[in-house]
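Report on the structure given below.
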Protein chains: 2
Amino acid sequence: MTALWQRQPVGIVGLGLIGGSLGLDLIARGAEVRALVHREATAVRARERRLATTVSTDPAVLAGCGLVVLALPLDQLLDPSPQLLAALPPDAVITDVGSVKGPVLEVWQARLGLTAGRFVASHPMAGTAHAGVEAGEVDLFRGRPWVATPGVCTDPGALEAVRQLAEALGAHWISCDAADHDQAVALISHLPVLVSAALLQAADHGAEQAGGALPRLVRALASSGFADTTRVGGGNPELGLWMARWNRQALLEGLRAYRQALMQLEQQVEGQDWPALQRSLADCQRLRPEFL
Amino acid sequence: MTALWQRQPVGIVGLGLIGGSLGLDLIARGAEVRALVHREATAVRARERRLATTVSTDPAVLAGCGLVVLALPLDQLLDPSPQLLAALPPDAVITDVGSVKGPVLEVWQARLGLTAGRFVASHPMAGTAHAGVEAGEVDLFRGRPWVATPGVCTDPGALEAVRQLAEALGAHWISCDAADHDQAVALISHLPVLVSAALLQAADHGAEQAGGALPRLVRALASSGFADTTRVGGGNPELGLWMARWNRQALLEGLRAYRQALMQLEQQVEGQDWPALQRSLADCQRLRPEFL
């Protein structure tokens, strides 16, 4: 039997990196894609880029869609407009792409009430350095995890429809508990943002305190190691803010684990316990490939 | 007038990433390169790769060199063998490639005694993920900083000879105080190793403490952001150990600046001071391009 995305038009709300990439991939696979965007200028550019079959700023464009993907930033996902809610076809399967799942599941199950079962909280984990209507690219999801976090009332048919969509785009489907997802991304995605941001500040403040040639020298000598370690900390401040705000408890737990790990390394340096430091660093060298 | 490296043979002690790359670049520029390595198997492979004109395990190979580059790991640089010291031509300019300069300058000025002026402490800041006799590559130094840290007794002619070598290979020459160099690399090179290593440990321990699906989930979901932020922390443990050991005081100061920066971010999350967190992250976004 054909998948839902093949039988009925797919709606996409928002045509940024994720929404635009979804549109390109779905059109390439013969789907009809109806996209809702906020601004007319975005609609014009999205039509030029052929990110969807139809692009409109009128929520009515979603009528007739069997599956709607909410490809919105986290703050908009957590505070959906009444116009958007009213425009969602009453039988459509709804999914999202938010990077924190507990709060999204809670808000949308409450908003959809009796039909909450058709909401599938999901998180395609694909990113680039780009954002906006120019960012969407073909094959963004291939080989990347697409995590779904069904709740107790999630309809198995709705979950299956989203799985078929994700796998058609080459993503690696993972289904887990929303709280587990949020704890995991706190450790491997949200914690790195703060760890990396603090390094930028320490290099800046440390050099400023030392004075003299140091502020100029740290800037002249920083190389690929510093560039890599500070990449996510020097990224979009709003993304970092949303992660911290909506995944606060898990992030604070991650920070506690981090502080403990760093303190142990610092004590090894302070106490000149070189065999222990070498063991710690050798552990890290062994650990990293498990994550990649 | 031609440079010293053009007039007399250049000696290289050690043919790892830095020594091998130096050899390849110098031979490409018509220099005669005489290399000393520790093991016969390395000599055989180095000859096959044409990393030097002559490769030998006999220190006598350095006789007649006008300029000798000590391309050794930090631990060997700080504890040079009597055989190596005896083999250095008495009039040759000597330079090194160590990543910490204060201790190197101190050891070598003491060892060379009355002829300490011919020792130029230097640090070509070029790295790849590779090491050993296979690692050397053409043009490794092009566009990269090559820092020299002359002491009070360093001979200006010796300094100039090393500058000519560095600039001939396309490096960007920077001369500064050894203590300033060591403080700068503590902040932008050695601190990132510990910051990054602690993140690997926190992700591992945090997931283990949470239990259940978490240890598997963090490994399945870690993506490019985690990969970049943990790259230097998952590297060669010996390099990290040497940096900490020989640049301990500056690293501990860097760790203090880091702890303070991280604590402030944590307090903003803990206290839900979202405007302050957004300002901090926006500062980081503005700071990063200054370093790259």
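Letters A, B, ... go to the chains of the structure tokens in the order shown; residues in each chain start at 1; ligands are counted from 1 in the same order.
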>> Report as an NGL selection string all protein, DNA and RNA residues lying within 9 Å of segment 177-187 of chain B, evaluated on only C-alpha atoms, omitting residues in the same chain fewer than 3 positions from it.
In response: (:A and (199 or 202-204 or 206-207 or 210 or 212-215 or 217-219 or 221-222)) or (:B and (99-102 or 105 or 121 or 147-151 or 190-192 or 243-244 or 247-255))
Hey, could you lay chain A over chain B with a least-squares C-alpha fit (all atoms, paired in order) and save it as a PDB file with C-alpha atoms, in the first residue's frame?
```pdb
ATOM      1  CA  MET A   1      72.198  37.821  -0.025  1.00  0.00           C
ATOM      2  CA  THR A   2      71.022  34.231   0.055  1.00  0.00           C
ATOM      3  CA  ALA A   3      69.564  32.824   3.262  1.00  0.00           C
ATOM      4  CA  LEU A   4      71.435  30.437   5.568  1.00  0.00           C
ATOM      5  CA  TRP A   5      69.185  27.511   4.530  1.00  0.00           C
ATOM      6  CA  GLN A   6      70.261  28.119   0.911  1.00  0.00           C
ATOM      7  CA  ARG A   7      74.001  28.407   1.656  1.00  0.00           C
ATOM      8  CA  GLN A   8      74.510  25.376   3.929  1.00  0.00           C
ATOM      9  CA  PRO A   9      72.791  22.015   4.487  1.00  0.00           C
ATOM     10  CA  VAL A  10      69.790  22.098   6.838  1.00  0.00           C
ATOM     11  CA  GLY A  11      69.616  19.436   9.555  1.00  0.00           C
ATOM     12  CA  ILE A  12      66.265  18.069  10.735  1.00  0.00           C
ATOM     13  CA  VAL A  13      66.051  15.952  13.861  1.00  0.00           C
ATOM     14  CA  GLY A  14      62.889  13.832  13.700  1.00  0.00           C
ATOM     15  CA  LEU A  15      60.761  13.217  10.597  1.00  0.00           C
ATOM     16  CA  GLY A  16      57.220  13.214  11.998  1.00  0.00           C
ATOM     17  CA  LEU A  17      54.496  15.579  10.796  1.00  0.00           C
ATOM     18  CA  ILE A  18      56.534  18.758  11.276  1.00  0.00           C
ATOM     19  CA  GLY A  19      60.002  17.408  10.408  1.00  0.00           C
ATOM     20  CA  GLY A  20      58.780  15.474   7.376  1.00  0.00           C
ATOM     21  CA  SER A  21      56.799  18.449   6.050  1.00  0.00           C
ATOM     22  CA  LEU A  22      59.819  20.714   6.528  1.00  0.00           C
ATOM     23  CA  GLY A  23      61.984  18.250   4.608  1.00  0.00           C
ATOM     24  CA  LEU A  24      59.559  18.012   1.678  1.00  0.00           C
ATOM     25  CA  ASP A  25      59.240  21.813   1.402  1.00  0.00           C
ATOM     26  CA  LEU A  26      62.992  22.445   1.692  1.00  0.00           C
ATOM     27  CA  ILE A  27      63.896  19.819  -0.916  1.00  0.00           C
ATOM     28  CA  ALA A  28      61.281  21.310  -3.255  1.00  0.00           C
ATOM     29  CA  ARG A  29      63.142  24.639  -2.859  1.00  0.00           C
ATOM     30  CA  GLY A  30      66.540  23.106  -3.705  1.00  0.00           C
ATOM     31  CA  ALA A  31      67.988  22.868  -0.182  1.00  0.00           C
ATOM     32  CA  GLU A  32      70.207  20.023   0.943  1.00  0.00           C
ATOM     33  CA  VAL A  33      68.485  18.349   3.915  1.00  0.00           C
ATOM     34  CA  ARG A  34      70.230  15.993   6.329  1.00  0.00           C
ATOM     35  CA  ALA A  35      67.865  14.182   8.671  1.00  0.00           C
ATOM     36  CA  LEU A  36      68.498  12.276  11.878  1.00  0.00           C
ATOM     37  CA  VAL A  37      65.891   9.729  12.981  1.00  0.00           C
ATOM     38  CA  HIS A  38      65.771   7.264  15.844  1.00  0.00           C
ATOM     39  CA  ARG A  39      64.901   3.969  14.169  1.00  0.00           C
ATOM     40  CA  GLU A  40      66.254   2.343  11.018  1.00  0.00           C
ATOM     41  CA  ALA A  41      62.710   1.418   9.834  1.00  0.00           C
ATOM     42  CA  THR A  42      61.823   5.131   9.919  1.00  0.00           C
ATOM     43  CA  ALA A  43      64.960   5.965   7.939  1.00  0.00           C
ATOM     44  CA  VAL A  44      64.041   3.428   5.243  1.00  0.00           C
ATOM     45  CA  ARG A  45      60.515   4.812   4.856  1.00  0.00           C
ATOM     46  CA  ALA A  46      61.723   8.431   4.990  1.00  0.00           C
ATOM     47  CA  ARG A  47      64.146   7.704   2.131  1.00  0.00           C
ATOM     48  CA  GLU A  48      61.319   6.139   0.105  1.00  0.00           C
ATOM     49  CA  ARG A  49      59.198   9.242   0.699  1.00  0.00           C
ATOM     50  CA  ARG A  50      62.221  11.512  -0.086  1.00  0.00           C
ATOM     51  CA  LEU A  51      61.649  13.522   3.080  1.00  0.00           C
ATOM     52  CA  ALA A  52      65.359  14.507   3.100  1.00  0.00           C
ATOM     53  CA  THR A  53      68.460  14.318   0.907  1.00  0.00           C
ATOM     54  CA  THR A  54      70.203  12.079   3.444  1.00  0.00           C
ATOM     55  CA  VAL A  55      68.492  10.178   6.274  1.00  0.00           C
ATOM     56  CA  SER A  56      70.463   8.419   8.976  1.00  0.00           C
ATOM     57  CA  THR A  57      70.207   7.048  12.510  1.00  0.00           C
ATOM     58  CA  ASP A  58      73.802   8.236  13.086  1.00  0.00           C
ATOM     59  CA  PRO A  59      73.992  11.707  14.710  1.00  0.00           C
ATOM     60  CA  ALA A  60      77.117  12.379  12.607  1.00  0.00           C
ATOM     61  CA  VAL A  61      74.745  13.068   9.682  1.00  0.00           C
ATOM     62  CA  LEU A  62      74.287  16.581  11.134  1.00  0.00           C
ATOM     63  CA  ALA A  63      77.953  17.514  10.552  1.00  0.00           C
ATOM     64  CA  GLY A  64      78.242  20.503   8.217  1.00  0.00           C
ATOM     65  CA  CYS A  65      74.686  21.770   8.747  1.00  0.00           C
ATOM     66  CA  GLY A  66      74.356  25.544   9.137  1.00  0.00           C
ATOM     67  CA  LEU A  67      70.851  25.368  10.610  1.00  0.00           C
ATOM     68  CA  VAL A  68      69.372  22.478  12.589  1.00  0.00           C
ATOM     69  CA  VAL A  69      65.647  22.132  13.295  1.00  0.00           C
ATOM     70  CA  LEU A  70      64.794  19.988  16.332  1.00  0.00           C
ATOM     71  CA  ALA A  71      61.453  18.548  15.184  1.00  0.00           C
ATOM     72  CA  LEU A  72      61.018  16.389  18.279  1.00  0.00           C
ATOM     73  CA  PRO A  73      58.113  15.764  20.668  1.00  0.00           C
ATOM     74  CA  LEU A  74      58.120  18.061  23.691  1.00  0.00           C
ATOM     75  CA  ASP A  75      59.351  15.433  26.168  1.00  0.00           C
ATOM     76  CA  GLN A  76      62.428  14.709  24.022  1.00  0.00           C
ATOM     77  CA  LEU A  77      63.044  18.416  23.393  1.00  0.00           C
ATOM     78  CA  LEU A  78      63.146  19.021  27.131  1.00  0.00           C
ATOM     79  CA  ASP A  79      65.507  16.122  27.793  1.00  0.00           C
ATOM     80  CA  PRO A  80      67.871  16.019  24.792  1.00  0.00           C
ATOM     81  CA  SER A  81      70.257  13.047  24.614  1.00  0.00           C
ATOM     82  CA  PRO A  82      74.006  13.667  25.123  1.00  0.00           C
ATOM     83  CA  GLN A  83      74.594  12.095  21.671  1.00  0.00           C
ATOM     84  CA  LEU A  84      72.340  14.690  20.042  1.00  0.00           C
ATOM     85  CA  LEU A  85      73.964  17.582  21.923  1.00  0.00           C
ATOM     86  CA  ALA A  86      77.441  16.340  20.941  1.00  0.00           C
ATOM     87  CA  ALA A  87      76.451  16.021  17.274  1.00  0.00           C
ATOM     88  CA  LEU A  88      75.168  19.585  16.839  1.00  0.00           C
ATOM     89  CA  PRO A  89      77.717  21.563  14.791  1.00  0.00           C
ATOM     90  CA  PRO A  90      79.197  24.186  17.153  1.00  0.00           C
ATOM     91  CA  ASP A  91      78.387  27.153  14.895  1.00  0.00           C
ATOM     92  CA  ALA A  92      74.980  26.014  13.622  1.00  0.00           C
ATOM     93  CA  VAL A  93      71.820  27.976  14.318  1.00  0.00           C
ATOM     94  CA  ILE A  94      69.485  25.676  16.299  1.00  0.00           C
ATOM     95  CA  THR A  95      65.725  25.985  16.391  1.00  0.00           C
ATOM     96  CA  ASP A  96      62.885  23.791  17.653  1.00  0.00           C
ATOM     97  CA  VAL A  97      59.168  23.327  17.000  1.00  0.00           C
ATOM     98  CA  GLY A  98      57.823  22.758  20.530  1.00  0.00           C
ATOM     99  CA  SER A  99      54.326  23.905  21.478  1.00  0.00           C
ATOM    100  CA  VAL A 100      55.469  25.394  24.827  1.00  0.00           C
ATOM    101  CA  LYS A 101      58.319  27.883  24.696  1.00  0.00           C
ATOM    102  CA  GLY A 102      59.379  28.954  28.212  1.00  0.00           C
ATOM    103  CA  PRO A 103      60.703  25.536  29.353  1.00  0.00           C
ATOM    104  CA  VAL A 104      62.334  24.833  25.951  1.00  0.00           C
ATOM    105  CA  LEU A 105      64.173  28.145  25.972  1.00  0.00           C
ATOM    106  CA  GLU A 106      65.351  27.524  29.536  1.00  0.00           C
ATOM    107  CA  VAL A 107      66.612  23.968  28.891  1.00  0.00           C
ATOM    108  CA  TRP A 108      68.387  24.787  25.633  1.00  0.00           C
ATOM    109  CA  GLN A 109      70.010  28.011  26.791  1.00  0.00           C
ATOM    110  CA  ALA A 110      71.401  26.050  29.766  1.00  0.00           C
ATOM    111  CA  ARG A 111      72.615  23.155  27.566  1.00  0.00           C
ATOM    112  CA  LEU A 112      74.264  25.354  24.962  1.00  0.00           C
ATOM    113  CA  GLY A 113      75.919  27.570  27.592  1.00  0.00           C
ATOM    114  CA  LEU A 114      78.218  30.154  26.012  1.00  0.00           C
ATOM    115  CA  THR A 115      76.758  29.578  22.542  1.00  0.00           C
ATOM    116  CA  ALA A 116      73.124  29.856  23.726  1.00  0.00           C
ATOM    117  CA  GLY A 117      72.637  32.889  21.486  1.00  0.00           C
ATOM    118  CA  ARG A 118      72.390  30.626  18.422  1.00  0.00           C
ATOM    119  CA  PHE A 119      69.299  28.890  19.823  1.00  0.00           C
ATOM    120  CA  VAL A 120      66.003  30.269  18.481  1.00  0.00           C
ATOM    121  CA  ALA A 121      62.928  28.926  20.262  1.00  0.00           C
ATOM    122  CA  SER A 122      60.153  28.678  17.693  1.00  0.00           C
ATOM    123  CA  HIS A 123      56.727  27.136  17.137  1.00  0.00           C
ATOM    124  CA  PRO A 124      55.336  26.531  13.657  1.00  0.00           C
ATOM    125  CA  MET A 125      51.592  26.292  14.372  1.00  0.00           C
ATOM    126  CA  ALA A 126      50.520  23.739  11.827  1.00  0.00           C
ATOM    127  CA  GLY A 127      48.783  20.498  12.647  1.00  0.00           C
ATOM    128  CA  THR A 128      46.795  17.713  11.077  1.00  0.00           C
ATOM    129  CA  ALA A 129      45.264  14.582  12.588  1.00  0.00           C
ATOM    130  CA  HIS A 130      48.319  12.583  11.496  1.00  0.00           C
ATOM    131  CA  ALA A 131      51.662  11.729  13.100  1.00  0.00           C
ATOM    132  CA  GLY A 132      54.784   9.735  12.254  1.00  0.00           C
ATOM    133  CA  VAL A 133      56.862   9.261   9.134  1.00  0.00           C
ATOM    134  CA  GLU A 134      53.784   9.003   6.877  1.00  0.00           C
ATOM    135  CA  ALA A 135      52.376  12.339   8.111  1.00  0.00           C
ATOM    136  CA  GLY A 136      54.688  14.888   6.482  1.00  0.00           C
ATOM    137  CA  GLU A 137      53.023  16.824   3.670  1.00  0.00           C
ATOM    138  CA  VAL A 138      53.920  19.557   1.180  1.00  0.00           C
ATOM    139  CA  ASP A 139      52.970  23.169   2.034  1.00  0.00           C
ATOM    140  CA  LEU A 140      51.908  22.417   5.618  1.00  0.00           C
ATOM    141  CA  PHE A 141      53.189  25.795   6.831  1.00  0.00           C
ATOM    142  CA  ARG A 142      51.741  28.032   4.123  1.00  0.00           C
ATOM    143  CA  GLY A 143      49.607  30.791   5.649  1.00  0.00           C
ATOM    144  CA  ARG A 144      50.072  29.400   9.178  1.00  0.00           C
ATOM    145  CA  PRO A 145      51.673  31.315  12.084  1.00  0.00           C
ATOM    146  CA  TRP A 146      55.323  30.498  12.874  1.00  0.00           C
ATOM    147  CA  VAL A 147      56.026  32.031  16.276  1.00  0.00           C
ATOM    148  CA  ALA A 148      59.543  32.783  17.508  1.00  0.00           C
ATOM    149  CA  THR A 149      60.188  33.672  21.145  1.00  0.00           C
ATOM    150  CA  PRO A 150      63.720  35.086  21.317  1.00  0.00           C
ATOM    151  CA  GLY A 151      65.330  35.396  24.760  1.00  0.00           C
ATOM    152  CA  VAL A 152      67.540  38.267  25.923  1.00  0.00           C
ATOM    153  CA  CYS A 153      70.700  36.542  24.647  1.00  0.00           C
ATOM    154  CA  THR A 154      69.291  35.327  21.309  1.00  0.00           C
ATOM    155  CA  ASP A 155      71.586  36.343  18.438  1.00  0.00           C
ATOM    156  CA  PRO A 156      69.772  38.617  15.937  1.00  0.00           C
ATOM    157  CA  GLY A 157      71.499  36.845  13.027  1.00  0.00           C
ATOM    158  CA  ALA A 158      70.259  33.440  14.227  1.00  0.00           C
ATOM    159  CA  LEU A 159      66.726  34.824  14.597  1.00  0.00           C
ATOM    160  CA  GLU A 160      66.908  36.234  11.066  1.00  0.00           C
ATOM    161  CA  ALA A 161      68.070  32.870   9.668  1.00  0.00           C
ATOM    162  CA  VAL A 162      65.026  31.109  11.148  1.00  0.00           C
ATOM    163  CA  ARG A 163      62.717  33.888   9.946  1.00  0.00           C
ATOM    164  CA  GLN A 164      64.036  33.449   6.393  1.00  0.00           C
ATOM    165  CA  LEU A 165      63.403  29.703   6.625  1.00  0.00           C
ATOM    166  CA  ALA A 166      59.833  30.177   7.924  1.00  0.00           C
ATOM    167  CA  GLU A 167      58.945  32.798   5.333  1.00  0.00           C
ATOM    168  CA  ALA A 168      60.432  30.749   2.484  1.00  0.00           C
ATOM    169  CA  LEU A 169      57.874  28.067   3.392  1.00  0.00           C
ATOM    170  CA  GLY A 170      55.034  30.609   3.284  1.00  0.00           C
ATOM    171  CA  ALA A 171      54.518  30.838   7.052  1.00  0.00           C
ATOM    172  CA  HIS A 172      53.357  34.011   8.780  1.00  0.00           C
ATOM    173  CA  TRP A 173      56.219  35.095  11.102  1.00  0.00           C
ATOM    174  CA  ILE A 174      55.335  36.336  14.580  1.00  0.00           C
ATOM    175  CA  SER A 175      57.932  37.226  17.207  1.00  0.00           C
ATOM    176  CA  CYS A 176      56.876  37.581  20.845  1.00  0.00           C
ATOM    177  CA  ASP A 177      57.823  36.957  24.437  1.00  0.00           C
ATOM    178  CA  ALA A 178      57.972  33.258  25.435  1.00  0.00           C
ATOM    179  CA  ALA A 179      55.670  33.824  28.432  1.00  0.00           C
ATOM    180  CA  ASP A 180      53.131  35.610  26.218  1.00  0.00           C
ATOM    181  CA  HIS A 181      53.242  32.743  23.701  1.00  0.00           C
ATOM    182  CA  ASP A 182      52.678  30.192  26.441  1.00  0.00           C
ATOM    183  CA  GLN A 183      49.751  32.125  27.925  1.00  0.00           C
ATOM    184  CA  ALA A 184      48.167  32.544  24.495  1.00  0.00           C
ATOM    185  CA  VAL A 185      48.434  28.865  23.531  1.00  0.00           C
ATOM    186  CA  ALA A 186      47.116  27.900  26.973  1.00  0.00           C
ATOM    187  CA  LEU A 187      43.920  29.799  26.124  1.00  0.00           C
ATOM    188  CA  ILE A 188      43.450  28.887  22.465  1.00  0.00           C
ATOM    189  CA  SER A 189      45.091  25.470  22.204  1.00  0.00           C
ATOM    190  CA  HIS A 190      45.637  23.734  25.578  1.00  0.00           C
ATOM    191  CA  LEU A 191      42.445  24.830  27.380  1.00  0.00           C
ATOM    192  CA  PRO A 192      40.257  23.589  24.475  1.00  0.00           C
ATOM    193  CA  VAL A 193      41.722  20.080  24.935  1.00  0.00           C
ATOM    194  CA  LEU A 194      40.474  19.832  28.534  1.00  0.00           C
ATOM    195  CA  VAL A 195      37.174  21.624  27.816  1.00  0.00           C
ATOM    196  CA  SER A 196      36.534  19.191  24.985  1.00  0.00           C
ATOM    197  CA  ALA A 197      37.683  16.095  26.922  1.00  0.00           C
ATOM    198  CA  ALA A 198      35.344  16.978  29.806  1.00  0.00           C
ATOM    199  CA  LEU A 199      32.424  17.118  27.346  1.00  0.00           C
ATOM    200  CA  LEU A 200      33.096  13.544  26.209  1.00  0.00           C
ATOM    201  CA  GLN A 201      33.198  12.392  29.827  1.00  0.00           C
ATOM    202  CA  ALA A 202      30.055  14.346  30.771  1.00  0.00           C
ATOM    203  CA  ALA A 203      28.063  12.861  27.879  1.00  0.00           C
ATOM    204  CA  ASP A 204      29.232   9.381  28.829  1.00  0.00           C
ATOM    205  CA  HIS A 205      28.777   9.701  32.601  1.00  0.00           C
ATOM    206  CA  GLY A 206      25.574  11.760  32.375  1.00  0.00           C
ATOM    207  CA  ALA A 207      23.965   9.109  30.150  1.00  0.00           C
ATOM    208  CA  GLU A 208      25.199   6.286  32.365  1.00  0.00           C
ATOM    209  CA  GLN A 209      23.732   7.920  35.472  1.00  0.00           C
ATOM    210  CA  ALA A 210      20.385   8.404  33.730  1.00  0.00           C
ATOM    211  CA  GLY A 211      20.499   4.736  32.683  1.00  0.00           C
ATOM    212  CA  GLY A 212      17.829   3.026  30.569  1.00  0.00           C
ATOM    213  CA  ALA A 213      17.995   3.947  26.885  1.00  0.00           C
ATOM    214  CA  LEU A 214      20.283   6.954  27.456  1.00  0.00           C
ATOM    215  CA  PRO A 215      23.755   5.413  26.930  1.00  0.00           C
ATOM    216  CA  ARG A 216      22.631   3.989  23.579  1.00  0.00           C
ATOM    217  CA  LEU A 217      20.629   7.103  22.652  1.00  0.00           C
ATOM    218  CA  VAL A 218      23.421   9.673  23.153  1.00  0.00           C
ATOM    219  CA  ARG A 219      25.664   7.573  20.903  1.00  0.00           C
ATOM    220  CA  ALA A 220      22.966   7.264  18.214  1.00  0.00           C
ATOM    221  CA  LEU A 221      22.057  10.969  18.230  1.00  0.00           C
ATOM    222  CA  ALA A 222      25.476  12.648  18.498  1.00  0.00           C
ATOM    223  CA  SER A 223      26.047  14.608  15.300  1.00  0.00           C
ATOM    224  CA  SER A 224      28.396  17.148  13.725  1.00  0.00           C
ATOM    225  CA  GLY A 225      28.143  19.660  16.595  1.00  0.00           C
ATOM    226  CA  PHE A 226      29.248  17.056  19.108  1.00  0.00           C
ATOM    227  CA  ALA A 227      31.915  15.778  16.713  1.00  0.00           C
ATOM    228  CA  ASP A 228      33.453  19.242  16.288  1.00  0.00           C
ATOM    229  CA  THR A 229      33.305  20.186  19.955  1.00  0.00           C
ATOM    230  CA  THR A 230      34.981  16.934  21.065  1.00  0.00           C
ATOM    231  CA  ARG A 231      37.628  16.616  18.340  1.00  0.00           C
ATOM    232  CA  VAL A 232      40.631  17.983  20.252  1.00  0.00           C
ATOM    233  CA  GLY A 233      39.549  16.301  23.519  1.00  0.00           C
ATOM    234  CA  GLY A 234      39.514  12.890  21.839  1.00  0.00           C
ATOM    235  CA  GLY A 235      42.979  13.325  20.321  1.00  0.00           C
ATOM    236  CA  ASN A 236      46.417  11.968  21.220  1.00  0.00           C
ATOM    237  CA  PRO A 237      46.549  11.700  25.062  1.00  0.00           C
ATOM    238  CA  GLU A 238      50.326  12.255  25.148  1.00  0.00           C
ATOM    239  CA  LEU A 239      50.053  15.638  23.413  1.00  0.00           C
ATOM    240  CA  GLY A 240      47.412  16.712  25.934  1.00  0.00           C
ATOM    241  CA  LEU A 241      49.546  15.465  28.784  1.00  0.00           C
ATOM    242  CA  TRP A 242      52.680  17.358  27.636  1.00  0.00           C
ATOM    243  CA  MET A 243      50.730  20.578  27.160  1.00  0.00           C
ATOM    244  CA  ALA A 244      49.315  20.319  30.679  1.00  0.00           C
ATOM    245  CA  ARG A 245      52.617  19.323  32.199  1.00  0.00           C
ATOM    246  CA  TRP A 246      54.819  21.949  30.597  1.00  0.00           C
ATOM    247  CA  ASN A 247      52.339  24.791  30.478  1.00  0.00           C
ATOM    248  CA  ARG A 248      50.655  23.999  33.770  1.00  0.00           C
ATOM    249  CA  GLN A 249      50.494  27.445  35.359  1.00  0.00           C
ATOM    250  CA  ALA A 250      49.068  29.183  32.277  1.00  0.00           C
ATOM    251  CA  LEU A 251      46.612  26.318  31.753  1.00  0.00           C
ATOM    252  CA  LEU A 252      45.389  26.571  35.356  1.00  0.00           C
ATOM    253  CA  GLU A 253      44.829  30.313  34.861  1.00  0.00           C
ATOM    254  CA  GLY A 254      42.900  29.547  31.665  1.00  0.00           C
ATOM    255  CA  LEU A 255      40.789  27.007  33.548  1.00  0.00           C
ATOM    256  CA  ARG A 256      39.940  29.646  36.156  1.00  0.00           C
ATOM    257  CA  ALA A 257      38.766  32.076  33.445  1.00  0.00           C
ATOM    258  CA  TYR A 258      36.809  29.216  31.884  1.00  0.00           C
ATOM    259  CA  ARG A 259      35.089  28.149  35.078  1.00  0.00           C
ATOM    260  CA  GLN A 260      33.987  31.726  35.664  1.00  0.00           C
ATOM    261  CA  ALA A 261      32.547  32.071  32.143  1.00  0.00           C
ATOM    262  CA  LEU A 262      30.695  28.753  32.379  1.00  0.00           C
ATOM    263  CA  MET A 263      29.361  29.539  35.839  1.00  0.00           C
ATOM    264  CA  GLN A 264      27.876  32.802  34.573  1.00  0.00           C
ATOM    265  CA  LEU A 265      26.096  30.989  31.721  1.00  0.00           C
ATOM    266  CA  GLU A 266      24.857  28.347  34.151  1.00  0.00           C
ATOM    267  CA  GLN A 267      23.512  31.018  36.508  1.00  0.00           C
ATOM    268  CA  GLN A 268      21.634  32.617  33.620  1.00  0.00           C
ATOM    269  CA  VAL A 269      19.989  29.255  32.825  1.00  0.00           C
ATOM    270  CA  GLU A 270      19.383  28.400  36.488  1.00  0.00           C
ATOM    271  CA  GLY A 271      17.866  31.843  37.165  1.00  0.00           C
ATOM    272  CA  GLN A 272      15.946  31.844  33.858  1.00  0.00           C
ATOM    273  CA  ASP A 273      17.517  35.182  32.971  1.00  0.00           C
ATOM    274  CA  TRP A 274      16.842  34.715  29.258  1.00  0.00           C
ATOM    275  CA  PRO A 275      17.681  38.271  28.132  1.00  0.00           C
ATOM    276  CA  ALA A 276      21.114  37.936  29.817  1.00  0.00           C
ATOM    277  CA  LEU A 277      21.706  34.512  28.233  1.00  0.00           C
ATOM    278  CA  GLN A 278      20.775  35.872  24.828  1.00  0.00           C
ATOM    279  CA  ARG A 279      23.225  38.776  25.298  1.00  0.00           C
ATOM    280  CA  SER A 280      25.999  36.321  26.318  1.00  0.00           C
ATOM    281  CA  LEU A 281      25.391  34.099  23.293  1.00  0.00           C
ATOM    282  CA  ALA A 282      25.195  37.115  20.985  1.00  0.00           C
ATOM    283  CA  ASP A 283      28.567  38.276  22.404  1.00  0.00           C
ATOM    284  CA  CYS A 284      30.018  34.855  21.552  1.00  0.00           C
ATOM    285  CA  GLN A 285      28.665  35.012  18.014  1.00  0.00           C
ATOM    286  CA  ARG A 286      30.313  38.422  17.610  1.00  0.00           C
ATOM    287  CA  LEU A 287      33.599  37.267  19.237  1.00  0.00           C
ATOM    288  CA  ARG A 288      34.274  34.146  17.198  1.00  0.00           C
ATOM    289  CA  PRO A 289      35.106  35.769  13.839  1.00  0.00           C
ATOM    290  CA  GLU A 290      37.767  37.871  15.620  1.00  0.00           C
ATOM    291  CA  PHE A 291      39.660  34.636  16.295  1.00  0.00           C
ATOM    292  CA  LEU A 292      39.309  33.070  12.827  1.00  0.00           C
TER     293      LEU A 292
END
```
>> Among segment 25-168 of chain A, which residues does DSSP mark as alpha helix (DSSP H) when it is run on the backbone? Keep the chain and numbering as in the structure and answer as a PyMOL selection string.
In response: chain A and resi 25-28+40-48+74-77+82-87+102-112+156-168
